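Engineer: Just so it is clear, I am handing over work32.tsv, which has TSV, C-alpha atoms.
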chain	number	residue	atom	x	y	z
A	1	MET	CA	-23.56	-41.41	27.63
A	2	VAL	CA	-24.77	-37.94	28.71
A	3	LYS	CA	-21.17	-36.83	29.26
A	4	LYS	CA	-20.23	-37.94	25.74
A	5	LEU	CA	-23.18	-36.02	24.26
A	6	LEU	CA	-22.31	-32.89	26.23
A	7	LEU	CA	-18.65	-33.16	25.28
A	8	THR	CA	-19.56	-33.67	21.61
A	9	ALA	CA	-21.93	-30.70	21.72
A	10	PHE	CA	-19.24	-28.55	23.36
A	11	ILE	CA	-16.67	-29.51	20.70
A	12	ILE	CA	-19.14	-28.71	17.90
A	13	ILE	CA	-19.97	-25.33	19.45
A	14	LEU	CA	-16.29	-24.54	19.94
A	15	ALA	CA	-15.42	-25.51	16.37
A	16	THR	CA	-18.33	-23.48	14.99
A	17	SER	CA	-17.41	-20.38	17.00
A	18	THR	CA	-13.76	-20.67	15.90
A	19	ILE	CA	-14.84	-20.84	12.26
A	20	ALA	CA	-17.10	-17.79	12.73
A	21	VAL	CA	-14.22	-15.81	14.24
A	22	ALA	CA	-11.96	-16.78	11.34
A	23	GLU	CA	-14.62	-15.62	8.88
A	24	ILE	CA	-14.97	-12.31	10.66
A	25	ASN	CA	-11.21	-11.81	10.59
A	26	ASN	CA	-11.15	-12.61	6.87
A	27	ASP	CA	-13.97	-10.14	6.27
A	28	ALA	CA	-12.08	-7.54	8.31
A	29	LYS	CA	-8.95	-8.16	6.23
A	30	LEU	CA	-10.98	-7.81	3.06
A	31	MET	CA	-12.39	-4.46	4.19
A	32	TYR	CA	-8.94	-3.37	5.30
A	33	ASN	CA	-7.51	-4.17	1.86
A	34	ARG	CA	-10.33	-2.21	0.24
A	35	GLY	CA	-9.46	0.72	2.49
A	36	VAL	CA	-5.83	0.55	1.38
A	37	ASP	CA	-6.92	0.47	-2.26
A	38	PHE	CA	-9.23	3.46	-1.76
A	39	TYR	CA	-6.45	5.36	0.01
A	40	ARG	CA	-4.00	4.71	-2.83
A	41	GLN	CA	-6.59	6.05	-5.29
A	42	GLY	CA	-7.07	9.20	-3.22
A	43	GLN	CA	-10.63	8.21	-2.30
A	44	TYR	CA	-10.29	9.11	1.36
A	45	THR	CA	-13.96	9.10	2.31
A	46	GLU	CA	-14.33	5.58	0.95
A	47	ALA	CA	-11.11	4.54	2.71
A	48	VAL	CA	-12.49	5.82	6.01
A	49	GLY	CA	-15.65	3.76	5.53
A	50	ALA	CA	-13.71	0.61	4.67
A	51	PHE	CA	-11.35	0.94	7.64
A	52	GLN	CA	-14.30	1.62	9.95
A	53	GLN	CA	-16.00	-1.52	8.67
A	54	ALA	CA	-12.82	-3.54	9.24
A	55	ILE	CA	-12.71	-2.26	12.81
A	56	ALA	CA	-16.40	-3.07	13.30
A	57	LEU	CA	-15.64	-6.63	12.23
A	58	ASP	CA	-12.52	-6.93	14.40
A	59	ALA	CA	-12.28	-4.39	17.22
A	60	ASN	CA	-8.60	-5.18	17.78
A	61	TYR	CA	-7.42	-4.75	14.19
A	62	ILE	CA	-4.57	-2.34	14.97
A	63	ASP	CA	-3.52	-1.84	11.34
A	64	ALA	CA	-7.05	-0.76	10.43
A	65	TYR	CA	-7.05	1.78	13.27
A	66	TYR	CA	-3.62	3.03	12.26
A	67	ASN	CA	-4.54	3.55	8.63
A	68	LEU	CA	-7.85	5.16	9.61
A	69	GLY	CA	-5.88	7.65	11.69
A	70	VAL	CA	-3.53	8.33	8.78
A	71	VAL	CA	-6.47	8.94	6.43
A	72	TYR	CA	-8.06	11.35	8.91
A	73	GLU	CA	-4.74	13.21	9.08
A	74	GLN	CA	-4.62	13.33	5.29
A	75	MET	CA	-8.12	14.84	5.35
A	76	ASP	CA	-6.97	17.47	7.93
A	77	GLN	CA	-9.28	15.96	10.55
A	78	ASP	CA	-6.70	16.03	13.32
A	79	ALA	CA	-9.14	15.63	16.23
A	80	GLU	CA	-10.58	12.47	14.67
A	81	ALA	CA	-7.10	11.15	13.93
A	82	LEU	CA	-6.06	11.79	17.53
A	83	GLY	CA	-9.06	9.83	18.76
A	84	ILE	CA	-8.05	6.89	16.59
A	85	PHE	CA	-4.44	6.88	17.79
A	86	LYS	CA	-5.72	6.95	21.37
A	87	GLN	CA	-7.76	3.84	20.54
A	88	ILE	CA	-4.56	2.12	19.43
A	89	MET	CA	-2.82	3.13	22.65
A	90	VAL	CA	-5.63	1.55	24.68
A	91	ARG	CA	-5.41	-1.69	22.73
A	92	LYS	CA	-1.62	-1.81	22.34
A	93	PRO	CA	0.19	0.52	24.77
A	94	THR	CA	3.61	-0.43	23.38
A	95	ASP	CA	2.79	0.88	19.89
A	96	TYR	CA	5.09	3.87	20.21
A	97	GLU	CA	4.43	5.01	16.65
A	98	ALA	CA	0.80	5.54	17.70
A	99	VAL	CA	1.96	7.26	20.90
A	100	TYR	CA	4.18	9.58	18.85
A	101	ASN	CA	1.32	10.33	16.45
A	102	ALA	CA	-0.96	11.14	19.40
A	103	ALA	CA	1.72	13.50	20.75
A	104	ASN	CA	2.22	15.17	17.38
A	105	LEU	CA	-1.51	15.61	16.80
A	106	SER	CA	-2.02	16.94	20.33
A	107	PHE	CA	0.72	19.50	19.72
A	108	ARG	CA	-0.85	20.53	16.41
A	109	LEU	CA	-4.20	20.92	18.16
A	110	GLY	CA	-2.63	23.21	20.77
A	111	GLN	CA	-2.74	20.57	23.53
A	112	THR	CA	0.91	20.89	24.53
A	113	ASP	CA	0.53	19.34	27.99
A	114	ASN	CA	-1.12	16.26	26.48
A	115	ALA	CA	1.60	16.08	23.84
A	116	LYS	CA	4.27	16.11	26.56
A	117	GLN	CA	2.44	13.38	28.47
A	118	TYR	CA	2.43	11.17	25.39
A	119	LEU	CA	6.09	11.84	24.69
A	120	SER	CA	6.96	10.88	28.26
A	121	ILE	CA	5.71	7.34	27.53
A	122	ILE	CA	8.15	6.70	24.68
A	123	PRO	CA	11.23	4.77	25.87
A	124	PRO	CA	14.72	5.75	24.68
A	125	THR	CA	15.04	2.43	22.81
A	126	SER	CA	11.99	3.06	20.63
A	127	PRO	CA	12.49	3.48	16.87
A	128	VAL	CA	10.51	6.74	17.04
A	129	ILE	CA	12.77	8.34	19.66
A	130	THR	CA	14.42	10.67	17.14
A	131	LYS	CA	11.06	11.99	15.94
A	132	ALA	CA	9.91	12.29	19.55
A	133	GLN	CA	13.00	14.34	20.42
A	134	GLN	CA	12.39	16.63	17.44
A	135	LEU	CA	8.80	17.16	18.54
A	136	ALA	CA	9.96	17.94	22.06
A	137	LEU	CA	12.39	20.51	20.65
A	138	ALA	CA	9.51	22.08	18.69
A	139	MET	CA	7.84	22.54	22.09
A	140	ASN	CA	10.99	24.29	23.39
A	141	THR	CA	11.96	21.39	25.64
A	142	ASP	CA	13.62	18.00	25.39
A	143	LEU	CA	12.64	14.44	26.22
A	144	GLN	CA	14.84	14.28	29.30
A	145	THR	CA	13.01	17.28	30.79
A	146	ILE	CA	9.61	15.88	29.84
A	147	GLN	CA	10.38	12.46	31.31
A	148	ALA	CA	11.79	13.90	34.54
Using structure tokens, write down the structure that the file contains.
Structural biologist:
Amino acid sequence: MVKKLLLTAFIIILATSTIAVAEINNDAKLMYNRGVDFYRQGQYTEAVGAFQQAIALDANYIDAYYNLGVVYEQMDQDAEALGIFKQIMVRKPTDYEAVYNAANLSFRLGQTDNAKQYLSIIPPTSPVITKAQQLALAMNTDLQTIQA
């Protein structure tokens, strides 16, 4: 009898926590969509706030991070954008678009060694390899030299 009560209580708690997570994800998606709308209207400050709220609701919402980084770039806040792309790299190391963006922003901020480190992560099969090679050439080197 006690086992049945404990099992029933556990199932109820599990179901309730799953529903709460789903609600949070829906709220995060809602804030994300607001951020996209603000961005399209050129309301960058509001877009930043919406994407930040989406991230606060779901700390692993990669698309929200990505768009937040893009908005910061649009606002010429390269250091903030770089920080956001680094957050993506921590959460999803195989997001080579984020790695490329971190390299590009590092280069623009005069952090050439960091830019080269980021470029060295990008595999030759990545869709961003052409952009990565162009960035390497802008640094008077090539990917083969960087990766060696």
Engineer: Just want the 7 Å neighbourhood of Tyr65 in chain A, counted on all atoms listed in the file, with same-chain residues fewer than 2 positions away dropped. Output as a list in words.
Structural biologist: Ile55, Tyr61, Ile62, Asp63, Asn67, Leu68, Gly69, Ile84 and Ile88 of chain A
Engineer: Output C-alpha atoms for every residue in the selection just made, as a PDB file, in the coordinates of the input.
Structural biologist:
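What follows is the written file selection_7.pdb:
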ATOM      1  CA  ILE A  55     -12.710  -2.260  12.810  1.00  0.00           C
ATOM      2  CA  TYR A  61      -7.420  -4.750  14.190  1.00  0.00           C
ATOM      3  CA  ILE A  62      -4.570  -2.340  14.970  1.00  0.00           C
ATOM      4  CA  ASP A  63      -3.520  -1.840  11.340  1.00  0.00           C
ATOM      5  CA  ASN A  67      -4.540   3.550   8.630  1.00  0.00           C
ATOM      6  CA  LEU A  68      -7.850   5.160   9.610  1.00  0.00           C
ATOM      7  CA  GLY A  69      -5.880   7.650  11.690  1.00  0.00           C
ATOM      8  CA  ILE A  84      -8.050   6.890  16.590  1.00  0.00           C
ATOM      9  CA  ILE A  88      -4.560   2.120  19.430  1.00  0.00           C
TER      10      ILE A  88
END
Engineer: Out of A:Ser106, A:Met89, A:Tyr100, A:Asn114, which residue has the shortest atom-to-atom distance to Gln133 in chain A when counting only C-alpha atoms?
Structural biologist: A:Tyr100
Engineer: Just how far from CA of Phe107 in chain A is CA of Ala56 in chain A, in Å to one decimal?
Structural biologist: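 That distance, rounded to one decimal, is 29.0 Å.
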Engineer: Residues within 9 Å of Ala28 in chain A, please, as an NGL selection string. Count only C-alpha atoms; anything in the same chain fewer than 2 positions from it doesn't count.
Structural biologist: :A and (23-26 or 30-33 or 51 or 53-58 or 61 or 64)
Engineer: Restricting the calculation to all atoms listed in the file: of A:Asn101, A:Asp113, A:Asp95, A:Thr141, which residue gets closest to Ser126 in chain A?
Structural biologist: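 Once distances to Ser126 in chain A are computed over all atoms listed in the file, the minimum belongs to A:Asp95.
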Engineer: How far is it from CA of Ile122 in chain A to CA of Lys86 in chain A, in Å with one decimal?
Structural biologist: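 For CA of Ile122 in chain A relative to CA of Lys86 in chain A, the distance reads 14.3 Å.
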Engineer: Give the answer as one residue: which of A:Ala148, A:Val90, A:Arg34, A:Ala103 has the shortest atom-to-atom distance to Gln134 in chain A, using only C-alpha atoms?
Structural biologist: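 Ranked by minimum distance to Gln134 in chain A, first place goes to A:Ala103.
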